[in-house]
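Undergrad: target_31.cif is reproduced below (mmCIF, C-alpha atoms).
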data_coords
#
loop_
_atom_site.group_PDB
_atom_site.id
_atom_site.type_symbol
_atom_site.label_atom_id
_atom_site.label_comp_id
_atom_site.auth_asym_id
_atom_site.auth_seq_id
_atom_site.Cartn_x
_atom_site.Cartn_y
_atom_site.Cartn_z
ATOM 1 C CA MET A 29 8.789 -2.922 -87.318
ATOM 2 C CA ASN A 30 6.682 0.026 -86.218
ATOM 3 C CA GLU A 31 4.625 -2.020 -83.759
ATOM 4 C CA PRO A 32 7.439 -2.649 -81.228
ATOM 5 C CA ALA A 33 8.523 0.993 -81.403
ATOM 6 C CA ALA A 34 4.923 2.131 -80.922
ATOM 7 C CA LYS A 35 4.551 -0.196 -77.929
ATOM 8 C CA LEU A 36 7.743 1.173 -76.372
ATOM 9 C CA ASP A 37 6.531 4.734 -76.903
ATOM 10 C CA ALA A 38 3.180 3.871 -75.332
ATOM 11 C CA VAL A 39 4.884 2.269 -72.324
ATOM 12 C CA ALA A 40 7.192 5.276 -71.909
ATOM 13 C CA ALA A 41 4.246 7.669 -72.161
ATOM 14 C CA GLU A 42 2.316 5.658 -69.568
ATOM 15 C CA LYS A 43 5.303 5.676 -67.196
ATOM 16 C CA LYS A 44 5.691 9.426 -67.596
ATOM 17 C CA ARG A 45 1.978 9.963 -66.961
ATOM 18 C CA LYS A 46 2.109 7.846 -63.787
ATOM 19 C CA PHE A 47 5.191 9.714 -62.606
ATOM 20 C CA ASN A 48 3.462 13.061 -63.155
ATOM 21 C CA ILE A 49 0.439 11.879 -61.166
ATOM 22 C CA GLN A 50 2.677 10.724 -58.309
ATOM 23 C CA ALA A 51 4.596 14.013 -58.349
ATOM 24 C CA ALA A 52 1.358 16.009 -58.223
ATOM 25 C CA ALA A 53 0.059 13.865 -55.352
ATOM 26 C CA PHE A 54 3.300 14.388 -53.419
ATOM 27 C CA LEU A 55 3.214 18.153 -53.888
ATOM 28 C CA GLY A 56 -0.450 18.219 -52.887
ATOM 29 C CA LEU A 57 0.356 16.276 -49.727
ATOM 30 C CA VAL A 58 3.240 18.588 -48.831
ATOM 31 C CA GLY A 59 1.042 21.621 -49.468
ATOM 32 C CA GLY A 60 -1.775 20.197 -47.359
ATOM 33 C CA VAL A 61 0.495 19.453 -44.420
ATOM 34 C CA SER A 62 2.020 22.915 -44.720
ATOM 35 C CA ALA A 63 -1.444 24.501 -44.793
ATOM 36 C CA LEU A 64 -2.480 22.590 -41.688
ATOM 37 C CA PHE A 65 0.701 23.636 -39.877
ATOM 38 C CA GLY A 66 0.323 27.259 -40.941
ATOM 39 C CA PHE A 67 -3.333 27.342 -39.929
ATOM 40 C CA SER A 68 -2.675 25.900 -36.480
ATOM 41 C CA ARG A 69 0.306 28.193 -35.884
ATOM 42 C CA THR A 70 -1.618 31.292 -36.897
ATOM 43 C CA LEU A 71 -4.599 30.269 -34.791
ATOM 44 C CA SER A 72 -2.410 29.801 -31.728
ATOM 45 C CA ILE A 73 -0.747 33.189 -32.250
ATOM 46 C CA ALA A 74 -4.124 34.861 -32.737
ATOM 47 C CA LYS A 75 -5.485 33.237 -29.568
ATOM 48 C CA LYS A 76 -2.552 34.577 -27.590
ATOM 49 C CA SER A 77 -3.036 38.105 -28.906
ATOM 50 C CA ASP A 78 -6.846 38.089 -28.520
ATOM 51 C CA SER A 79 -6.973 36.334 -25.146
ATOM 52 C CA LYS A 80 -9.143 39.071 -23.580
ATOM 53 C CA VAL A 81 -11.904 38.549 -26.155
ATOM 54 C CA LEU A 82 -11.756 34.771 -25.831
ATOM 55 C CA GLN A 83 -12.011 34.887 -22.011
ATOM 56 C CA GLN A 84 -15.202 37.004 -21.871
ATOM 57 C CA GLN A 85 -18.322 35.267 -20.561
ATOM 58 C CA GLY A 86 -22.061 35.981 -20.448
ATOM 59 C CA THR A 87 -24.972 35.681 -22.853
ATOM 60 C CA ARG A 88 -24.496 38.906 -24.755
ATOM 61 C CA GLN A 89 -20.758 38.577 -24.686
ATOM 62 C CA GLY A 90 -21.086 34.927 -25.714
ATOM 63 C CA LEU A 91 -22.736 36.040 -28.946
ATOM 64 C CA ILE A 92 -19.940 38.507 -29.528
ATOM 65 C CA LEU A 93 -17.471 35.746 -28.771
ATOM 66 C CA MET A 94 -19.007 33.521 -31.465
ATOM 67 C CA ASP A 95 -18.762 36.316 -34.013
ATOM 68 C CA GLU A 96 -15.182 37.063 -32.989
ATOM 69 C CA GLY A 97 -14.344 33.351 -33.131
ATOM 70 C CA SER A 98 -15.465 33.016 -36.740
ATOM 71 C CA ALA A 99 -13.541 36.138 -37.706
ATOM 72 C CA LEU A 100 -10.543 34.768 -35.852
ATOM 73 C CA ALA A 101 -10.798 31.452 -37.670
ATOM 74 C CA LEU A 102 -11.090 33.120 -41.074
ATOM 75 C CA ARG A 103 -8.124 35.337 -40.339
ATOM 76 C CA ALA A 104 -6.103 32.327 -39.181
ATOM 77 C CA LEU A 105 -7.096 30.395 -42.290
ATOM 78 C CA GLY A 106 -6.004 33.241 -44.541
ATOM 79 C CA TRP A 107 -2.638 33.716 -42.874
ATOM 80 C CA GLY A 108 -2.103 29.964 -42.568
ATOM 81 C CA SER A 109 -2.771 29.476 -46.267
ATOM 82 C CA LEU A 110 -0.369 32.281 -47.127
ATOM 83 C CA TYR A 111 2.337 30.810 -44.886
ATOM 84 C CA ALA A 112 1.786 27.338 -46.330
ATOM 85 C CA ILE A 113 1.974 28.421 -49.957
ATOM 86 C CA MET A 114 4.943 30.725 -49.463
ATOM 87 C CA GLY A 115 6.792 28.276 -47.215
ATOM 88 C CA THR A 116 6.323 25.304 -49.512
ATOM 89 C CA GLY A 117 7.258 27.364 -52.539
ATOM 90 C CA ALA A 118 10.397 28.716 -50.874
ATOM 91 C CA PHE A 119 11.414 25.242 -49.681
ATOM 92 C CA CYS A 120 10.943 23.653 -53.114
ATOM 93 C CA TYR A 121 12.660 26.543 -54.912
ATOM 94 C CA GLY A 122 15.597 26.492 -52.492
ATOM 95 C CA PHE A 123 16.017 22.740 -52.778
ATOM 96 C CA TRP A 124 15.854 23.029 -56.566
ATOM 97 C CA LYS A 125 18.518 25.765 -56.649
ATOM 98 C CA LEU A 126 20.776 23.939 -54.203
ATOM 99 C CA SER A 127 20.706 20.870 -56.437
ATOM 100 C CA GLY A 128 21.965 22.924 -59.402
ATOM 101 C CA ALA A 129 19.501 21.343 -61.832
ATOM 102 C CA LYS A 130 18.435 23.200 -64.974
ATOM 103 C CA ASP A 131 15.164 21.348 -65.577
ATOM 104 C CA PHE A 132 12.972 18.727 -63.937
ATOM 105 C CA GLU A 133 14.556 15.770 -65.747
ATOM 106 C CA GLU A 134 18.031 16.803 -64.585
ATOM 107 C CA PHE A 135 16.721 17.281 -61.032
ATOM 108 C CA ARG A 136 15.183 13.823 -61.122
ATOM 109 C CA GLN A 137 18.456 12.304 -62.350
ATOM 110 C CA LYS A 138 20.481 14.054 -59.643
ATOM 111 C CA MET A 139 18.118 12.947 -56.903
ATOM 112 C CA GLY A 140 18.123 9.418 -58.318
ATOM 113 C CA HIS A 141 21.894 9.284 -57.984
ATOM 114 C CA ALA A 142 22.042 11.022 -54.592
ATOM 115 C CA LEU A 143 19.338 9.046 -52.791
ATOM 116 C CA PRO A 144 19.716 5.343 -51.935
ATOM 117 C CA ARG A 145 18.125 2.809 -54.239
ATOM 118 C CA LEU A 146 15.117 0.844 -53.087
ATOM 119 C CA SER A 147 15.118 -2.583 -54.633
ATOM 120 C CA LYS A 148 11.818 -4.357 -55.053
ATOM 121 C CA ASP A 149 13.382 -7.778 -55.592
ATOM 122 C CA GLU A 150 14.923 -8.328 -52.165
ATOM 123 C CA PRO A 151 12.549 -9.437 -49.401
ATOM 124 C CA PRO A 152 12.742 -7.515 -46.124
ATOM 125 C CA GLN A 153 15.368 -8.814 -43.699
ATOM 126 C CA SER A 154 13.328 -8.098 -40.587
ATOM 127 C CA ARG A 155 9.817 -8.685 -39.354
ATOM 128 C CA THR A 156 7.059 -6.798 -41.200
ATOM 129 C CA ASP A 157 3.764 -7.926 -39.637
ATOM 130 C CA PHE A 158 2.651 -7.113 -36.099
ATOM 131 C CA ASP A 159 -0.434 -7.929 -34.034
ATOM 132 C CA GLY A 160 -0.768 -4.377 -32.791
ATOM 133 C CA LEU A 161 1.044 -1.286 -31.641
ATOM 134 C CA THR A 162 2.219 -2.995 -28.446
ATOM 135 C CA ASP A 163 3.780 -5.817 -30.445
ATOM 136 C CA LEU A 164 5.541 -3.293 -32.682
ATOM 137 C CA MET A 165 6.875 -1.341 -29.694
ATOM 138 C CA LYS A 166 8.186 -4.525 -28.038
ATOM 139 C CA TYR A 167 9.902 -5.487 -31.290
ATOM 140 C CA LEU A 168 11.493 -2.042 -31.630
ATOM 141 C CA ALA A 169 12.685 -2.097 -28.010
ATOM 142 C CA ALA A 170 14.273 -5.529 -28.491
ATOM 143 C CA TRP A 171 15.792 -4.437 -31.808
ATOM 144 C CA ALA A 172 17.325 -1.327 -30.228
ATOM 145 C CA LYS A 173 19.083 -3.479 -27.597
ATOM 146 C CA GLU A 174 20.766 -5.633 -30.262
#
What does the file become when written as structure tokens?

TA:
Amino acid sequence: MNEPAAKLDAVAAEKKRKFNIQAAAFLGLVGGVSALFGFSRTLSIAKKSDSKVLQQQGTRQGLILMDEGSALALRALGWGSLYAIMGTGAFCYGFWKLSGAKDFEEFRQKMGHALPRLSKDEPPQSRTDFDGLTDLMKYLAAWAKE
């Protein structure tokens, strides 16, 4: 009698482990995209404010420009990382609080009920394979007209 219960516990533990891995991968992806956005935004702002340094030319000034460029990149990376971490944290915390969940399991249940179900049993109703991007775009244009 203990064997079936042990198997069910093992299956449940494996499912929970897989879910935790997927959740960590999702958060890592969101953080990475946020870091990239923050880095590029900070770099563009820094370029606008330091445009005089970036427009200098000449051999001696070119060396200064390279040094300033690395400092600029490090500064942009630092601010971009800060923006990414703070922005992602604020977004996740706000979404969590707006859902009214007390813990992660309750949050998962609420999102499971709020979001539409994706069934794996039903085959897709439309075309799923394309020869290339042009074929996909033609299909989407024809589908939009229908």

Undergrad: I'd like the interatomic distance between atom CA of Leu55 of chain A and atom CA of Leu110 of chain A, to a tenth of an Å.

TA: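 Interatomic distance, atom CA of Leu55 of chain A to atom CA of Leu110 of chain A: 16.1 Å.
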
Undergrad: Have a look at A:Glu42, A:Leu161, A:Ser62, A:Gly56 and name the one nearest to Ala118 of chain A; count all atoms listed in the file.

TA: A:Ser62

Undergrad: Using all atoms listed in the file, which residues sit within 8 Å of Tyr111 of chain A once same-chain residues fewer than 2 positions away are excluded, as a list in words?

TA: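 Neighbouring residues, sequence-local ones excluded: Ser62, Ala63, Gly66, Trp107, Gly108, Ser109, Ile113, Met114 and Gly115 of chain A.
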
Undergrad: May I ask for the distance between atom CA of Leu71 of chain A and atom CA of Ala101 of chain A, given in Å to one decimal place?

TA: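 Spanning atom CA of Leu71 of chain A to atom CA of Ala101 of chain A is a straight-line distance of 6.9 Å.
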
Undergrad: Segment 134-143 of chain A: which residues within 12 Å, counting all atoms listed in the file, same-chain residues fewer than 2 positions away excluded, as number ranges by chain?

TA: A: 47-48, 51, 120-121, 123-132, 145-146

Undergrad: Rounded to one decimal, what separation in Å do you get between atom CA of Leu100 of chain A and atom CA of Thr116 of chain A?

TA: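 A separation of 23.7 Å between them.
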
Undergrad: To box segment 110-113 of chain A, take all atoms listed in the file, fit an axis-aligned box, add 8 Å on each side, and give centre and edge lengths in Å to one decimal, as lines of an AutoDock Vina configuration file.

TA:
center_x = 1.0
center_y = 29.8
center_z = -47.4
size_x = 18.7
size_y = 20.9
size_z = 21.1

Undergrad: Leu64 of chain A: which residues within 8 Å, counting all atoms listed in the file, same-chain residues fewer than 3 positions away excluded, as a ChimeraX atom specification?

TA: /A:60-61,67-68,108,112

Undergrad: Selection from above, C-alpha atoms, as a PDB file, in the coordinates of the input, can you write it?

TA:
ATOM      1  CA  GLY A  60      -1.775  20.197 -47.359  1.00  0.00           C
ATOM      2  CA  VAL A  61       0.495  19.453 -44.420  1.00  0.00           C
ATOM      3  CA  PHE A  67      -3.333  27.342 -39.929  1.00  0.00           C
ATOM      4  CA  SER A  68      -2.675  25.900 -36.480  1.00  0.00           C
ATOM      5  CA  GLY A 108      -2.103  29.964 -42.568  1.00  0.00           C
ATOM      6  CA  ALA A 112       1.786  27.338 -46.330  1.00  0.00           C
TER       7      ALA A 112
END
